[in-house]
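Chemist: Structure incoming, see below.
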Amino acid sequence: MKKHVVASTAEIPPGARKLVTVAGRPIVIFNLDGNFFGLFNRCPHNGGSLADGIVTGLVRSTEPGTYTYCRRGEVVRCPWHGWEFDIRTGQSFCRPGDLKARQFNIEVADGRDIVEGPYVAETVSVRTEDNYIVVEV
Ligand code: FES
């Protein structure tokens with residue numbers, strides 16, 4: 001697999017997302033409290049854009065009439081038919097046993113490593129004081 005620099009961490013603040021194209025593949029990068037996760041921007045149900053989906057959380061219940069709202073901001077809802085996916089794992093909440101949004105490995109690399117390492121050809125401009133988001137495809 002090849003590593004691709006797709007953005008600086010400053011471009012995607014916590015709670016935000018960015019759609020990028022890596023090796024011809026559209027990937028949406030999410031920032032959840034400083035941790036970055038990437039999903040293929042194609043819903044496994046019928047191809048909707050997860051980059052355009054509402055980000056929400058989970059409602060859990062231990063018994064009728066009792067519920068809690070948790071994991072706020074960690075679930076994306078496909079805009080086409082409302083299927084929901086765990087941003088951290090790509091797991092579907094509609095058919096959790098057999099459907100997942102395709103996931104990509106995301107790492108954060110120090111800007112100095114990018115300037116000194118093999119990623120320079122992948123970037124247009126590099127600021128060494130920032131961290132960059134790297135997608136491995
Ligand atoms: S295409 Fe995403 S829920 Fe149908």
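For the structure tokens, the naming scheme is as follows: chains receive sequential letters (A, B, ...) according to their order of presentation, residues are indexed from 1 within each chain, and ligands are indexed from 1 in presentation order.
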Set the cut-off to 6 Å, count only C-alpha atoms and all ligand atoms, and list whatever residues fall near ligand 1 as a short mmCIF file (atom, residue, chain, number, x, y, z; two decimals) with C-alpha atoms, in the first residue's frame.

Modeler:
data_model
loop_
_atom_site.label_atom_id
_atom_site.label_comp_id
_atom_site.auth_asym_id
_atom_site.auth_seq_id
_atom_site.Cartn_x
_atom_site.Cartn_y
_atom_site.Cartn_z
CA CYS A 43 -22.58 3.76 1.25
CA HIS A 45 -26.30 -0.13 0.74
CA ASN A 46 -26.74 1.72 -2.53
CA GLY A 47 -23.88 4.16 -3.03
CA GLY A 48 -24.95 7.32 -1.18
CA CYS A 78 -26.38 8.09 4.90
CA TRP A 80 -30.20 8.52 0.87
CA HIS A 81 -32.00 5.97 3.07
CA GLY A 82 -30.78 6.72 6.57
CA TRP A 83 -28.52 3.76 7.27
#

Chemist: DSSP on the backbone, helix (DSSP H, G or I) only: what residues of range 26-115 of chain A does that give? Format it as a PyMOL selection string.

Modeler: chain A and resi 50-52+111-115

Chemist: Please, could you write that set of residues out with C-alpha atoms as a short mmCIF file (atom, residue, chain, number, x, y, z; two decimals), in the first residue's frame?

Modeler:
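And here is the file that came out, again_22.cif:
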data_model
loop_
_atom_site.label_atom_id
_atom_site.label_comp_id
_atom_site.auth_asym_id
_atom_site.auth_seq_id
_atom_site.Cartn_x
_atom_site.Cartn_y
_atom_site.Cartn_z
CA LEU A 50 -21.37 9.47 3.43
CA ALA A 51 -19.60 12.84 3.22
CA ASP A 52 -23.06 14.41 2.88
CA GLY A 111 5.33 17.66 9.29
CA ARG A 112 9.11 17.25 9.69
CA ASP A 113 8.85 13.55 8.76
CA ILE A 114 6.87 14.45 5.66
CA VAL A 115 9.42 17.00 4.52
#

Chemist: Using only C-alpha atoms, pick whichever of A:Thr9, A:Arg71, A:Asn41, A:Val108 has the shortest atom-to-atom distance to Gly24 in chain A.

Modeler: A:Asn41

Chemist: In Å, how far is it from CA of Arg72 in chain A to CA of Val135 in chain A?

Modeler: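 Taking CA of Arg72 in chain A as the start and CA of Val135 in chain A as the end point, the length is 24.8 Å.
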
Chemist: What gap, in Å, lies between CA of Glu84 in chain A and CA of Glu11 in chain A?

Modeler: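 Atom-to-atom, CA of Glu84 in chain A to CA of Glu11 in chain A, that is 25.2 Å.
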
Chemist: List as a list in words the protein and nucleic acid residues near Thr21 in chain A, meaning an atom at most 12 Å away when only C-alpha atoms are counted, but skip any in the same chain fewer than 6 places from it.

Modeler: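 The filter keeps His4, Val5, Val6, Ala7, Ile27, Val28, Ile29, Gly38, Leu39, Phe40, Asn41, Val135, Glu136 and Val137 of chain A.
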
Chemist: Go ahead and write the residues just picked, C-alpha atoms, as a short mmCIF file (atom, residue, chain, number, x, y, z; two decimals), in the first residue's frame.

Modeler:
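Once everything was written out, this is result04.cif:
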data_model
loop_
_atom_site.label_atom_id
_atom_site.label_comp_id
_atom_site.auth_asym_id
_atom_site.auth_seq_id
_atom_site.Cartn_x
_atom_site.Cartn_y
_atom_site.Cartn_z
CA HIS A 4 -0.80 9.67 0.56
CA VAL A 5 -0.77 13.02 2.34
CA VAL A 6 -4.30 14.40 2.05
CA ALA A 7 -4.51 17.38 4.42
CA ILE A 27 -12.58 9.07 0.94
CA VAL A 28 -14.19 11.13 3.67
CA ILE A 29 -11.92 11.93 6.62
CA GLY A 38 -11.49 7.56 6.92
CA LEU A 39 -14.45 5.95 5.17
CA PHE A 40 -14.91 5.19 1.51
CA ASN A 41 -17.42 7.79 0.37
CA VAL A 135 -4.07 8.02 4.00
CA GLU A 136 -2.75 4.58 3.13
CA VAL A 137 -4.38 3.05 0.05
#
